[in-house]
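For reference, final-v1.cif (mmCIF, C-alpha atoms):
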data_upload
loop_
_atom_site.label_atom_id
_atom_site.label_comp_id
_atom_site.auth_asym_id
_atom_site.auth_seq_id
_atom_site.Cartn_x
_atom_site.Cartn_y
_atom_site.Cartn_z
CA MET A 1 8.94 -17.31 -7.76
CA ALA A 2 6.15 -19.17 -5.96
CA ASP A 3 2.55 -18.88 -7.07
CA THR A 4 0.70 -15.95 -5.50
CA PRO A 5 -2.76 -14.42 -5.96
CA TYR A 6 -1.26 -10.94 -5.78
CA ALA A 7 0.68 -8.99 -8.41
CA THR A 8 4.40 -8.41 -7.91
CA PRO A 9 7.03 -6.42 -9.85
CA SER A 10 8.56 -7.78 -13.04
CA ALA A 11 12.01 -9.32 -12.90
CA GLY A 12 14.87 -8.56 -15.26
CA LEU A 13 14.82 -5.93 -17.99
CA PRO A 14 12.80 -5.59 -21.22
CA PRO A 15 14.59 -6.72 -24.38
CA GLN A 16 16.42 -4.12 -26.44
CA ALA A 17 13.79 -4.46 -29.18
CA ALA A 18 10.93 -3.50 -26.85
CA LEU A 19 9.12 -0.22 -27.43
CA HIS A 20 9.67 2.25 -24.60
CA THR A 21 6.19 3.76 -24.95
CA GLY A 22 4.14 2.93 -21.86
CA ARG A 23 1.55 4.19 -19.40
CA ALA A 24 3.81 5.87 -16.83
CA VAL A 25 2.74 9.43 -16.06
CA PHE A 26 3.44 12.04 -13.38
CA THR A 27 1.14 15.05 -13.19
CA GLU A 28 0.46 17.85 -10.71
CA ALA A 29 -2.36 15.77 -9.13
CA TYR A 30 -1.44 12.12 -9.58
CA ALA A 31 1.13 9.63 -10.81
CA VAL A 32 0.76 6.19 -12.36
CA ILE A 33 3.70 3.80 -12.09
CA PRO A 34 2.88 0.75 -14.25
CA HIS A 35 4.15 -2.68 -13.30
CA GLY A 36 6.29 -2.83 -16.43
CA VAL A 37 8.63 -0.09 -15.21
CA MET A 38 9.32 -1.70 -11.80
CA ARG A 39 12.42 -3.46 -13.08
CA ASP A 40 15.73 -4.52 -11.56
CA ILE A 41 17.48 -1.32 -12.61
CA VAL A 42 15.25 0.90 -10.43
CA ALA A 43 15.44 -1.21 -7.24
CA SER A 44 17.37 0.05 -4.21
CA ALA A 45 19.26 -1.56 -1.36
CA LEU A 46 18.25 -0.57 2.19
CA PRO A 47 20.59 0.05 5.15
CA HIS A 48 20.71 -2.81 7.68
CA TRP A 49 18.74 -5.13 5.39
CA ASP A 50 20.63 -8.18 4.07
CA LYS A 51 19.91 -9.84 0.71
CA THR A 52 17.15 -7.30 0.13
CA ARG A 53 16.08 -4.87 -2.55
CA ALA A 54 13.19 -2.42 -2.64
CA TRP A 55 11.14 -0.56 -5.22
CA ILE A 56 10.36 2.81 -3.60
CA ILE A 57 7.11 3.78 -5.27
CA ALA A 58 6.11 6.74 -3.07
CA ARG A 59 7.88 9.13 -0.73
CA PRO A 60 6.96 12.51 0.79
CA MET A 61 7.38 15.29 -1.76
CA THR A 62 6.72 18.95 -1.02
CA GLY A 63 3.76 20.22 -3.02
CA PHE A 64 2.58 16.76 -3.97
CA SER A 65 2.01 13.90 -1.52
CA GLU A 66 3.56 14.64 1.87
CA THR A 67 2.46 12.07 4.45
CA PHE A 68 3.79 8.62 3.55
CA SER A 69 6.25 6.37 1.75
CA GLN A 70 5.52 3.01 0.18
CA TYR A 71 7.97 0.29 -0.79
CA ILE A 72 7.72 -3.10 -2.46
CA VAL A 73 10.43 -5.12 -0.75
CA GLU A 74 12.00 -8.39 -1.90
CA VAL A 75 13.99 -10.43 0.63
CA ALA A 76 16.01 -13.36 -0.71
CA PRO A 77 16.44 -16.60 1.25
CA GLY A 78 18.63 -15.95 4.28
CA GLY A 79 17.94 -12.23 4.18
CA GLY A 80 16.18 -9.78 6.43
CA SER A 81 16.90 -7.24 9.13
CA THR A 82 17.20 -6.91 12.89
CA ARG A 83 17.27 -3.10 12.51
CA PRO A 84 14.56 -2.54 9.90
CA GLU A 85 13.09 0.88 10.78
CA PRO A 86 15.56 3.80 11.03
CA ASN A 87 13.00 6.34 12.32
CA ALA A 88 11.62 5.88 15.84
CA ALA A 89 8.70 8.20 15.00
CA ALA A 90 7.54 6.07 12.06
CA GLU A 91 4.65 3.64 12.13
CA GLY A 92 4.31 0.99 9.47
CA VAL A 93 2.18 -1.62 7.77
CA LEU A 94 3.57 -4.76 6.15
CA PHE A 95 1.49 -6.69 3.61
CA VAL A 96 2.98 -9.90 2.23
CA VAL A 97 2.20 -10.78 -1.38
CA GLU A 98 4.61 -13.67 -2.00
CA GLY A 99 6.58 -16.18 0.03
CA GLU A 100 6.74 -16.83 3.76
CA ALA A 101 8.32 -14.45 6.26
CA ASN A 102 9.25 -14.56 9.92
CA LEU A 103 8.27 -11.39 11.75
CA THR A 104 9.20 -10.82 15.39
CA ILE A 105 7.44 -8.01 17.30
CA GLU A 106 8.60 -7.26 20.85
CA SER A 107 10.14 -10.77 21.04
CA LYS A 108 6.92 -12.49 19.86
CA PRO A 109 7.31 -14.50 16.62
CA HIS A 110 4.79 -14.48 13.77
CA VAL A 111 4.72 -16.18 10.37
CA LEU A 112 3.42 -14.09 7.47
CA ARG A 113 2.19 -15.78 4.29
CA PRO A 114 0.52 -14.16 1.25
CA GLY A 115 -2.21 -11.90 2.57
CA GLY A 116 -0.37 -11.49 5.87
CA TYR A 117 -0.77 -8.04 7.39
CA ALA A 118 1.09 -6.45 10.30
CA PHE A 119 0.69 -3.03 11.91
CA LEU A 120 3.82 -1.69 13.62
CA PRO A 121 3.39 1.33 15.92
CA PRO A 122 6.12 3.98 16.34
CA GLY A 123 8.99 2.88 18.56
CA CYS A 124 8.10 -0.78 18.06
CA ASN A 125 10.94 -3.32 18.31
CA TRP A 126 10.64 -5.66 15.34
CA SER A 127 12.71 -7.78 12.99
CA PHE A 128 12.09 -9.57 9.71
CA SER A 129 13.70 -12.63 8.14
CA ASN A 130 13.31 -15.10 5.32
CA THR A 131 14.39 -18.59 6.39
CA GLY A 132 12.70 -20.30 3.45
CA GLU A 133 13.98 -21.29 0.03
CA THR A 134 12.14 -18.72 -2.11
CA PRO A 135 12.06 -14.90 -2.03
CA VAL A 136 9.55 -13.00 0.09
CA ARG A 137 7.87 -9.93 -1.34
CA PHE A 138 5.85 -7.47 0.70
CA HIS A 139 4.54 -3.93 0.76
CA TRP A 140 5.88 -1.63 3.46
CA VAL A 141 3.92 1.57 4.09
CA ARG A 142 5.59 4.08 6.44
CA LYS A 143 4.21 7.26 7.99
CA ARG A 144 5.41 9.62 10.72
CA TYR A 145 2.92 9.10 13.53
CA GLU A 146 0.98 12.17 14.63
CA ALA A 147 0.60 11.85 18.41
CA VAL A 148 -2.33 13.57 20.15
CA GLU A 149 -2.34 14.55 23.81
CA GLY A 150 -4.74 12.35 25.76
CA ILE A 151 -4.90 9.60 23.10
CA GLU A 152 -2.61 6.62 23.53
CA LYS A 153 -0.67 5.34 20.55
CA PRO A 154 -1.98 2.18 18.82
CA THR A 155 -0.63 -1.28 19.52
CA ALA A 156 0.89 -3.79 17.14
CA PHE A 157 -1.20 -6.54 15.59
CA VAL A 158 -0.88 -9.28 12.96
CA THR A 159 -3.62 -10.81 10.82
CA ASN A 160 -4.28 -12.09 7.30
CA GLU A 161 -6.63 -10.40 4.87
CA GLN A 162 -8.17 -13.76 4.02
CA ASP A 163 -9.39 -14.01 7.63
CA GLU A 164 -11.01 -10.57 7.59
CA PRO A 165 -14.48 -9.81 6.16
CA ILE A 166 -15.17 -7.60 3.18
CA ARG A 167 -17.54 -4.89 4.37
CA TRP A 168 -19.78 -4.09 1.42
CA MET A 169 -20.96 -0.56 0.77
CA ALA A 170 -24.70 0.00 1.22
CA ASP A 171 -26.92 -0.36 -1.86
CA THR A 172 -24.18 -1.90 -4.02
CA ASN A 173 -25.47 -5.51 -4.05
CA ASP A 174 -22.15 -6.63 -2.54
CA THR A 175 -20.11 -5.42 -5.49
CA TRP A 176 -18.00 -2.66 -3.85
CA GLY A 177 -16.45 -3.28 -0.48
CA THR A 178 -13.47 -2.73 1.80
CA THR A 179 -11.42 -5.07 3.96
CA ARG A 180 -10.67 -2.85 6.97
CA PHE A 181 -7.93 -3.81 9.41
CA VAL A 182 -8.61 -0.95 11.85
CA ASP A 183 -11.90 0.41 13.20
CA PRO A 184 -12.43 3.75 11.39
CA THR A 185 -13.55 5.35 14.68
CA ASP A 186 -10.37 4.33 16.55
CA LEU A 187 -8.65 7.71 16.90
CA ARG A 188 -5.39 6.14 17.96
CA HIS A 189 -4.81 5.45 14.28
CA ASP A 190 -3.88 8.28 11.92
CA MET A 191 -3.58 6.12 8.81
CA HIS A 192 -5.53 3.27 7.27
CA VAL A 193 -4.12 0.66 4.90
CA ASN A 194 -7.08 -1.32 3.58
CA ILE A 195 -8.00 -3.50 0.61
CA VAL A 196 -10.76 -2.35 -1.75
CA THR A 197 -12.65 -4.94 -3.80
CA LEU A 198 -14.86 -4.23 -6.82
CA GLN A 199 -16.63 -7.13 -8.48
CA PRO A 200 -16.72 -7.30 -12.30
CA GLY A 201 -18.50 -4.25 -13.69
CA ALA A 202 -18.83 -2.49 -10.32
CA VAL A 203 -18.26 1.25 -10.12
CA ILE A 204 -17.27 4.01 -7.77
CA PRO A 205 -20.15 6.16 -9.02
CA PHE A 206 -18.97 9.64 -8.10
CA GLU A 207 -15.73 11.60 -8.20
CA GLU A 208 -14.32 11.29 -4.69
CA THR A 209 -12.57 14.56 -3.87
CA HIS A 210 -11.09 14.69 -0.38
CA VAL A 211 -8.19 15.71 1.82
CA MET A 212 -6.73 12.21 2.20
CA GLU A 213 -3.67 11.29 0.16
CA HIS A 214 -3.70 7.88 -1.50
CA GLY A 215 -1.42 5.11 -2.58
CA LEU A 216 -3.31 2.47 -4.60
CA TYR A 217 -1.45 -0.69 -5.60
CA VAL A 218 -3.49 -2.97 -7.86
CA LEU A 219 -3.36 -6.50 -6.44
CA GLU A 220 -5.48 -8.15 -9.12
CA GLY A 221 -7.71 -7.41 -12.10
CA LYS A 222 -8.03 -4.32 -14.25
CA ALA A 223 -10.16 -1.19 -14.37
CA VAL A 224 -10.56 2.24 -15.86
CA TYR A 225 -9.81 4.77 -13.13
CA ARG A 226 -10.71 8.45 -13.10
CA LEU A 227 -7.72 10.53 -11.94
CA ASN A 228 -8.25 14.30 -11.92
CA ARG A 229 -9.29 15.08 -15.53
CA ASP A 230 -8.24 11.76 -17.05
CA TRP A 231 -9.56 8.22 -17.42
CA VAL A 232 -6.62 5.83 -17.06
CA GLU A 233 -6.58 2.08 -17.68
CA VAL A 234 -4.80 0.20 -14.88
CA GLU A 235 -4.15 -3.46 -14.17
CA ALA A 236 -2.56 -5.81 -11.64
CA GLY A 237 0.86 -4.57 -10.51
CA ASP A 238 0.23 -0.89 -11.30
CA PHE A 239 0.54 1.81 -8.64
CA MET A 240 -1.52 5.00 -8.47
CA TRP A 241 -0.29 7.85 -6.28
CA LEU A 242 -2.77 10.66 -5.54
CA ARG A 243 -2.24 13.98 -3.83
CA ALA A 244 -4.95 15.47 -1.61
CA PHE A 245 -8.15 16.57 -3.39
CA CYS A 246 -7.38 14.67 -6.61
CA PRO A 247 -10.81 13.62 -7.99
CA GLN A 248 -11.18 9.88 -8.47
CA ALA A 249 -13.77 7.33 -9.61
CA CYS A 250 -13.66 3.84 -11.11
CA TYR A 251 -15.23 1.34 -13.50
CA ALA A 252 -14.05 -2.20 -12.71
CA GLY A 253 -13.15 -4.50 -15.58
CA PRO A 254 -14.36 -7.98 -16.55
CA ASN A 255 -12.71 -9.67 -13.56
CA ARG A 256 -12.54 -8.87 -9.85
CA PHE A 257 -10.53 -5.71 -9.23
CA ARG A 258 -8.68 -5.26 -5.94
CA TYR A 259 -6.15 -2.78 -4.62
CA LEU A 260 -4.18 -2.03 -1.47
CA LEU A 261 -5.16 1.48 -0.34
CA TYR A 262 -3.30 3.92 1.92
CA LYS A 263 -4.94 7.06 3.31
CA ASP A 264 -4.17 9.49 6.15
CA VAL A 265 -7.09 10.02 8.54
CA ASN A 266 -8.32 11.20 11.94
CA ARG A 267 -6.16 14.27 12.46
CA HIS A 268 -6.58 18.04 12.17
CA ALA A 269 -5.12 19.71 9.11
CA ARG A 270 -1.65 21.05 9.76
CA LEU A 271 -1.34 24.84 9.96
CA ASP A 272 2.45 25.09 10.21
CA LEU A 273 3.47 24.53 6.59
#
Rewrite the structure of this file - the entire thing - as structure tokens.
Amino acid sequence: MADTPYATPSAGLPPQAALHTGRAVFTEAYAVIPHGVMRDIVASALPHWDKTRAWIIARPMTGFSETFSQYIVEVAPGGGSTRPEPNAAAEGVLFVVEGEANLTIESKPHVLRPGGYAFLPPGCNWSFSNTGETPVRFHWVRKRYEAVEGIEKPTAFVTNEQDEPIRWMADTNDTWGTTRFVDPTDLRHDMHVNIVTLQPGAVIPFEETHVMEHGLYVLEGKAVYRLNRDWVEVEAGDFMWLRAFCPQACYAGPNRFRYLLYKDVNRHARLDL
């Protein structure tokens, strides 16, 4: 694998002598999927994707987290798809963490390198390929788009997180900030996939308790994270999956701590459950 500043899943399997005791946990309010359990044996193939495997780390589940799915996808050289998205109602975000990918959106080509970010609206015509000599790994977040009468659907765009500013929270001395790829007031968007950065020793100083569901994939660093009633130590490559109203807070570790964050936003609460 090529060098990358972002964490990616482990290859292979642990040796037979390894202890099975780990940090994986699934509760009524949250789950933690540590990087050490994202092994070859739990990867899946995807229809209409060639030379590709995926770790499916979140999917809608009744009574838990119901709005999104999140994959870590690995595409080998020569692989990819011309029919990647099976659901015309689904929007998506791609975030590349390793390798170089060719993304075509409505016949327009783009090259995605580590940090590359693409938003794909519902019904978008896109394809993905790896024409290089090393694997490409990326996150793929999918959500059924919630259309609203009188508000047009969002348009596709491509950027790189390294070209976007970190917007620091007020009164934090530039220690807690968010890289936002969409204007929070843009009501065309019903989900945000951002990157949160906490400098060494920074904190989220209160227990956030809110309606948004979360997927948090740790890109780098380590921290102690408050999840419901528990303090949980997490590090690069770990995934935290939070249902609505799960309390959360954070103490960042000795190095910079960053994670890719999904949340559902900007829509009325459903009343037809």
So that each row is one residue of region 235-267 of chain A with an atom at most 8 Å from region 221-226 of chain A, can you give its shortest atom pair and the distance in Å to one decimal, using all atoms listed in the file, rows by chain and rising number, as CSV?
residue,atom,partner,partner_atom,distance
A:Glu235,CA,A:Lys222,CA,4.0
A:Ala236,CA,A:Gly221,CA,5.4
A:Pro247,CA,A:Arg226,CA,7.3
A:Gln248,CA,A:Arg226,CA,4.9
A:Ala249,CA,A:Arg226,CA,4.8
A:Cys250,CA,A:Tyr225,CA,4.4
A:Tyr251,CA,A:Val224,CA,5.3
A:Ala252,CA,A:Ala223,CA,4.3
A:Gly253,CA,A:Ala223,CA,4.6
A:Pro254,CA,A:Lys222,CA,7.7
A:Asn255,CA,A:Gly221,CA,5.7
A:Arg256,CA,A:Gly221,CA,5.5
A:Phe257,CA,A:Gly221,CA,4.4
A:Arg258,CA,A:Gly221,CA,6.6
Using only C-alpha atoms, tabulate the residues of region 71-97 of chain A lying at most 12 Å from any atom of region 29-38 of chain A, each with its closest atom pair and that distance in Å to one decimal, by chain and increasing residue number, as a tab-separated table.
residue	atom	partner	partner_atom	distance
A:Tyr71	CA	A:Met38	CA	11.3
A:Ile72	CA	A:Met38	CA	9.6
A:Val73	CA	A:Met38	CA	11.6
Quick one: write out the picked residues with C-alpha atoms as a short mmCIF file (atom, residue, chain, number, x, y, z; two decimals), in the frame of the given file?
data_model
loop_
_atom_site.label_atom_id
_atom_site.label_comp_id
_atom_site.auth_asym_id
_atom_site.auth_seq_id
_atom_site.Cartn_x
_atom_site.Cartn_y
_atom_site.Cartn_z
CA TYR A 71 7.97 0.29 -0.79
CA ILE A 72 7.72 -3.10 -2.46
CA VAL A 73 10.43 -5.12 -0.75
#
(message) Give me, as an MDAnalysis selection string, all polymer residues having an atom no more than 12 Å from Thr131 (chain A), counting all atoms listed in the file and skipping those fewer than 2 positions away in the same chain.
(response) chainID A and resid 51 75:81 99:103 111:112 128:129 133:136
(request) May I ask which of the residues A:His48, A:His139, A:Arg39, A:Lys153 is the closest one to Ser10 (chain A), counting only C-alpha atoms? (result)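 Ranked by minimum distance to Ser10 (chain A), first place goes to A:Arg39.
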(message) For a test of reading the model, state the distance in Å between CA of Gly92 (chain A) and CA of Cys246 (chain A), rounded to one decimal.
(response) 24.1 Å
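Rounded to one decimal, CA of Asn194 (chain A) and CA of Asn125 (chain A) lie 23.4 Å from each other.
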(message) For a test of reading the model, state the distance in Å between CA of Val234 (chain A) and CA of Asp171 (chain A), rounded to one decimal.
(response)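 Interatomic distance, CA of Val234 (chain A) to CA of Asp171 (chain A): 25.7 Å.
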(request) Please identify all polymer residues within 6 Å of Thr175 (chain A), counting all atoms listed in the file, omitting same-chain residues fewer than 5 positions from it, and present them as number ranges by chain. (result) A: 198-199, 202
Preceding selection exported with C-alpha atoms as a CSV table (one decimal), keeping the file's coordinate frame:
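Output below, filename out-v4.csv:
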chain,number,residue,atom,x,y,z
A,198,LEU,CA,-14.9,-4.2,-6.8
A,199,GLN,CA,-16.6,-7.1,-8.5
A,202,ALA,CA,-18.8,-2.5,-10.3
(request) Take the point (6.4, 4.6, 16.2) in the file's coordinates, draw a sphere of radius 6 Å around it, and report as a ChimeraX atom specification every protein, DNA or RNA residue with an atom inside or on it, counting all atoms listed in the file. (result) /A:88-91,121-124
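Here the question is which of A:Gly22, A:Gly150, A:Pro114, A:Pro109 gets nearest to Leu219 (chain A) using only C-alpha atoms, and that residue is A:Pro114.
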(message) Suppose a student applies the PyMOL selection byres ((chain A and resi 192) around 6) to this structure; what residues should they get, written as a list in words?
(response)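 Checked against the file, the PyMOL selection byres ((chain A and resi 192) around 6) matches Met191, Val193, Tyr262 and Lys263 of chain A.
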(message) From the options A:Glu220, A:Phe239, A:Asn266, A:Asp272, which residue's atoms come nearest to Pro200 (chain A), counting only C-alpha atoms?
(response)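 That would be A:Glu220, the residue with the smallest distance to Pro200 (chain A).
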